[in-house]
Amino acid sequence: IFYDDGRLLKWDLNPSNNAAVVSGAPTNNLGLVVTEERFVFCLGAGGNPRKVQWSDKEDLNTWGPAATNEAGDILLQTSGQIMQAIKTRGQTLIITDLDAHSAKYLGPPYVYGFDRVGTACGAVSRLSAVDTDMGAFWMGQRGFFRFDGNTVSELPCEVHDYVFDDLNVNQQSKIWAFSNSEFSE
């Protein structure tokens with residue numbers, strides 16, 4: 001959980017207790033994701049829009065990398081800012097406003113490996129991506145995209161011009177994606 005100023009909070013599921021700030025966690029974060037391996041990734045950590053920082057495995061209070069833990073951080077090699085991250089196909093997909101990166105668990109000493117998997121495919125908003133059985137899908141600035149576990153491809157779209165020629169860019173932060181599995185959508 002994030003507070004409106006980007007601080008990481010933890011709630012102990014007790015309705016009589018309030019959520020508490022996680023000590024030692026980065027502040028001014030843009031978002032978070034919990035990886036398949038149960039690491040917490042803070043996105044845009046410390047106010048740096050390209051930084052991903054993660055705590056030790058299943059330990060929200062250890063954020064500084066050391067030989068005795070798996071905490072760490074990395075600056076993505078992009079000029080964009082991180083928009084969103086989602087778990088998909090045994091990895092974590094991190095989408096910026098310009099490109100997409102894959103984070104794969106390697107184990108100690110490197111913990112995670114990061115690779116750019118797509119360019120010119122940035123997300124239109126912080127909630128515009130969804131994971132499905134067929135991969136991750138999202139709306140970009142000028143198209144729709146799919147990550148199949150290896151690469152990003154643009155989706156052909158019969159309503160492309162209708163959607164993008166009439167998009168109110170002042171409202172694009174409100175765009176979000178969801179999966180409607182009942183109709184394979």
# chains A, B, ... in the order shown; residues from 1 in each chain; ligands from 1
>>> closest_atom_pairs(of="segment 33-102 of chain A", to="segment 170-183 of chain A", cutoff="12 Å", atoms="only C-alpha atoms", output="Markdown table")
| residue | atom | partner | partner_atom | distance |
| --- | --- | --- | --- | --- |
| A:Met83 | CA | A:Ser173 | CA | 10.3 |
| A:Gln84 | CA | A:Trp176 | CA | 11.0 |
| A:Ile86 | CA | A:Ala177 | CA | 12.0 |
| A:Asp97 | CA | A:Ser173 | CA | 11.7 |
>>> write_last_selection(atoms="all heavy atoms", output="mmCIF file, in the first residue's frame")
data_model
loop_
_atom_site.group_PDB
_atom_site.id
_atom_site.type_symbol
_atom_site.label_atom_id
_atom_site.label_comp_id
_atom_site.auth_asym_id
_atom_site.auth_seq_id
_atom_site.Cartn_x
_atom_site.Cartn_y
_atom_site.Cartn_z
ATOM 1 N N MET A 83 6.017 3.522 -15.538
ATOM 2 C CA MET A 83 4.584 3.724 -15.425
ATOM 3 C C MET A 83 3.923 2.620 -14.603
ATOM 4 O O MET A 83 3.071 2.889 -13.775
ATOM 5 C CB MET A 83 3.940 3.786 -16.821
ATOM 6 C CG MET A 83 4.412 4.955 -17.658
ATOM 7 S SD MET A 83 3.966 6.547 -16.968
ATOM 8 C CE MET A 83 2.245 6.638 -17.394
ATOM 9 N N GLN A 84 4.315 1.366 -14.855
ATOM 10 C CA GLN A 84 3.631 0.244 -14.240
ATOM 11 C C GLN A 84 4.490 -1.004 -14.342
ATOM 12 O O GLN A 84 5.345 -1.106 -15.203
ATOM 13 C CB GLN A 84 2.304 0.013 -14.978
ATOM 14 C CG GLN A 84 1.450 -1.094 -14.439
ATOM 15 C CD GLN A 84 0.126 -1.234 -15.177
ATOM 16 O OE1 GLN A 84 -0.132 -0.557 -16.156
ATOM 17 N NE2 GLN A 84 -0.717 -2.132 -14.699
ATOM 18 N N ILE A 86 3.932 -5.469 -13.875
ATOM 19 C CA ILE A 86 3.020 -6.576 -13.614
ATOM 20 C C ILE A 86 3.768 -7.899 -13.707
ATOM 21 O O ILE A 86 4.748 -8.021 -14.433
ATOM 22 C CB ILE A 86 1.809 -6.584 -14.578
ATOM 23 C CG1 ILE A 86 2.257 -6.628 -16.042
ATOM 24 C CG2 ILE A 86 0.906 -5.414 -14.350
ATOM 25 C CD1 ILE A 86 1.125 -6.761 -17.027
ATOM 26 N N ASP A 97 7.028 5.009 -19.940
ATOM 27 C CA ASP A 97 6.231 5.743 -20.919
ATOM 28 C C ASP A 97 6.850 5.680 -22.318
ATOM 29 O O ASP A 97 6.283 6.202 -23.268
ATOM 30 C CB ASP A 97 5.999 7.191 -20.482
ATOM 31 C CG ASP A 97 7.272 7.973 -20.250
ATOM 32 O OD1 ASP A 97 8.374 7.387 -20.228
ATOM 33 O OD2 ASP A 97 7.172 9.196 -20.067
#
>>> residues_around(residues="Ala45 of chain A", least_positions_apart="2", cutoff="10 Å", atoms="only C-alpha atoms", output="mmCIF file with N, CA and C atoms, in the first residue's frame")
data_model
loop_
_atom_site.group_PDB
_atom_site.id
_atom_site.type_symbol
_atom_site.label_atom_id
_atom_site.label_comp_id
_atom_site.auth_asym_id
_atom_site.auth_seq_id
_atom_site.Cartn_x
_atom_site.Cartn_y
_atom_site.Cartn_z
ATOM 1 N N GLY A 6 3.910 8.684 -1.671
ATOM 2 C CA GLY A 6 4.827 7.679 -2.170
ATOM 3 C C GLY A 6 5.530 6.863 -1.096
ATOM 4 N N ARG A 7 5.075 6.949 0.150
ATOM 5 C CA ARG A 7 5.671 6.116 1.206
ATOM 6 C C ARG A 7 5.017 4.739 1.198
ATOM 7 N N ALA A 25 12.221 1.793 3.960
ATOM 8 C CA ALA A 25 11.775 1.689 2.568
ATOM 9 C C ALA A 25 11.990 3.021 1.860
ATOM 10 N N PRO A 26 12.239 2.983 0.537
ATOM 11 C CA PRO A 26 12.378 4.240 -0.194
ATOM 12 C C PRO A 26 11.075 5.036 -0.148
ATOM 13 N N THR A 27 11.190 6.339 -0.300
ATOM 14 C CA THR A 27 10.022 7.228 -0.307
ATOM 15 C C THR A 27 9.857 7.817 -1.700
ATOM 16 N N ASN A 28 8.809 8.590 -1.892
ATOM 17 C CA ASN A 28 8.527 9.240 -3.179
ATOM 18 C C ASN A 28 8.450 8.238 -4.327
ATOM 19 N N ASN A 29 7.870 7.074 -4.066
ATOM 20 C CA ASN A 29 7.725 6.034 -5.087
ATOM 21 C C ASN A 29 6.531 6.315 -5.987
ATOM 22 N N LEU A 30 6.604 5.802 -7.219
ATOM 23 C CA LEU A 30 5.510 5.965 -8.173
ATOM 24 C C LEU A 30 4.548 4.781 -8.148
ATOM 25 N N GLY A 31 5.011 3.644 -7.661
ATOM 26 C CA GLY A 31 4.183 2.447 -7.644
ATOM 27 C C GLY A 31 4.937 1.293 -7.026
ATOM 28 N N LEU A 32 4.278 0.133 -7.005
ATOM 29 C CA LEU A 32 4.929 -1.066 -6.487
ATOM 30 C C LEU A 32 4.351 -2.287 -7.152
ATOM 31 N N PHE A 41 8.951 -4.694 -5.132
ATOM 32 C CA PHE A 41 9.633 -3.731 -5.991
ATOM 33 C C PHE A 41 8.972 -2.373 -5.788
ATOM 34 N N CYS A 42 9.735 -1.361 -5.389
ATOM 35 C CA CYS A 42 9.262 0.023 -5.409
ATOM 36 C C CYS A 42 9.685 0.601 -6.750
ATOM 37 N N LEU A 43 8.739 1.168 -7.471
ATOM 38 C CA LEU A 43 8.973 1.703 -8.808
ATOM 39 C C LEU A 43 9.118 3.211 -8.732
ATOM 40 N N GLY A 47 12.034 8.844 -5.687
ATOM 41 C CA GLY A 47 11.771 9.979 -6.554
ATOM 42 C C GLY A 47 12.502 9.923 -7.885
ATOM 43 N N ASN A 48 13.292 8.859 -8.134
ATOM 44 C CA ASN A 48 13.972 8.706 -9.417
ATOM 45 C C ASN A 48 13.057 7.900 -10.337
ATOM 46 N N PRO A 49 12.526 8.493 -11.397
ATOM 47 C CA PRO A 49 11.515 7.826 -12.222
ATOM 48 C C PRO A 49 12.017 6.602 -12.988
ATOM 49 N N ARG A 50 13.324 6.326 -12.967
ATOM 50 C CA ARG A 50 13.884 5.160 -13.651
ATOM 51 C C ARG A 50 14.360 4.074 -12.680
ATOM 52 N N LYS A 51 14.245 4.325 -11.364
ATOM 53 C CA LYS A 51 14.833 3.416 -10.381
ATOM 54 C C LYS A 51 13.835 2.367 -9.888
ATOM 55 N N VAL A 52 14.308 1.117 -9.865
ATOM 56 C CA VAL A 52 13.593 0.007 -9.247
ATOM 57 C C VAL A 52 14.412 -0.408 -8.035
ATOM 58 N N GLN A 53 13.780 -0.449 -6.869
ATOM 59 C CA GLN A 53 14.475 -0.875 -5.647
ATOM 60 C C GLN A 53 13.633 -1.955 -4.978
ATOM 61 N N TRP A 54 14.300 -3.021 -4.521
ATOM 62 C CA TRP A 54 13.571 -4.105 -3.892
ATOM 63 C C TRP A 54 14.155 -4.453 -2.534
ATOM 64 N N ASP A 73 18.860 -2.662 -6.056
ATOM 65 C CA ASP A 73 18.232 -1.629 -6.870
ATOM 66 C C ASP A 73 18.944 -1.540 -8.197
ATOM 67 N N ILE A 74 18.276 -0.913 -9.136
ATOM 68 C CA ILE A 74 18.847 -0.709 -10.470
ATOM 69 C C ILE A 74 18.192 0.514 -11.104
ATOM 70 N N LEU A 75 18.941 1.215 -11.920
ATOM 71 C CA LEU A 75 18.395 2.278 -12.766
ATOM 72 C C LEU A 75 18.157 1.669 -14.140
ATOM 73 N N ILE A 82 9.097 5.121 -15.275
ATOM 74 C CA ILE A 82 8.342 3.906 -15.026
ATOM 75 C C ILE A 82 6.873 4.260 -14.832
#
>>> select_by_dssp(residues="segment 17-139 of chain A", states="strand (DSSP E)", output="ChimeraX atom specification")
/A:20-21,31-34,40-43,51-54,72-75,82-88,91-96,99-107,111-119,129-132,135-139
>>> closest_residue(among="A:Val124, A:Ala100, A:Leu93, A:Val34", to="Phe164 of chain A", atoms="only C-alpha atoms")
A:Val124
>>> closest_residue(among="A:Ser128, A:Ala71, A:Asn14, A:Ser102", to="Gly149 of chain A", atoms="only C-alpha atoms")
A:Ser102
>>> residues_around(residues="Lys87 of chain A", least_positions_apart="5", cutoff="9 Å", atoms="only C-alpha atoms", output="PyMOL selection string")
chain A and resi 33-36+92-94+131+136
>>> closest_residue(among="A:Val22, A:Val152, A:Met134, A:Val117", to="Trp63 of chain A", atoms="only C-alpha atoms")
A:Val22
>>> atom_distance(atom1="atom CA of Gly113 of chain A", atom2="atom CA of Val130 of chain A")
22.2 Å
>>> atom_distance(atom1="atom CA of Phe145 of chain A", atom2="atom CA of Leu106 of chain A")
26.6 Å
>>> atom_distance(atom1="atom CA of Pro108 of chain A", atom2="atom CA of Gly72 of chain A")
10.7 Å
>>> residues_around(residues="Glu37 of chain A", least_positions_apart="4", cutoff="9 Å", atoms="only C-alpha atoms", output="list in words")
Lys57, Glu58 and Tyr105 of chain A
>>> closest_residue(among="A:Leu76, A:Leu60, A:Ala129, A:Ala123", to="Ala103 of chain A", atoms="only C-alpha atoms")
A:Leu76
>>> residues_around(residues="Ala20 of chain A", least_positions_apart="5", cutoff="8 Å", atoms="only C-alpha atoms", output="ChimeraX atom specification")
/A:9-11
>>> write_last_selection(atoms="N, CA, C and O atoms", output="compact mmCIF listing (two decimals), in the first residue's frame")
# COMPACT_ATOMS: atom_id res chain seq x y z
N LEU A 9 3.49 1.58 2.95
CA LEU A 9 2.80 1.30 4.20
C LEU A 9 2.52 -0.19 4.32
O LEU A 9 2.35 -0.88 3.32
N LYS A 10 2.43 -0.66 5.57
CA LYS A 10 2.07 -2.05 5.82
C LYS A 10 0.92 -2.07 6.83
O LYS A 10 0.97 -1.39 7.85
N TRP A 11 -0.09 -2.87 6.52
CA TRP A 11 -1.23 -3.02 7.41
C TRP A 11 -1.28 -4.46 7.88
O TRP A 11 -1.16 -5.39 7.07
>>> select_by_dssp(residues="segment 73-180 of chain A", states="helix (DSSP H, G or I)", output="PyMOL selection string")
chain A and resi 160-165+169-174
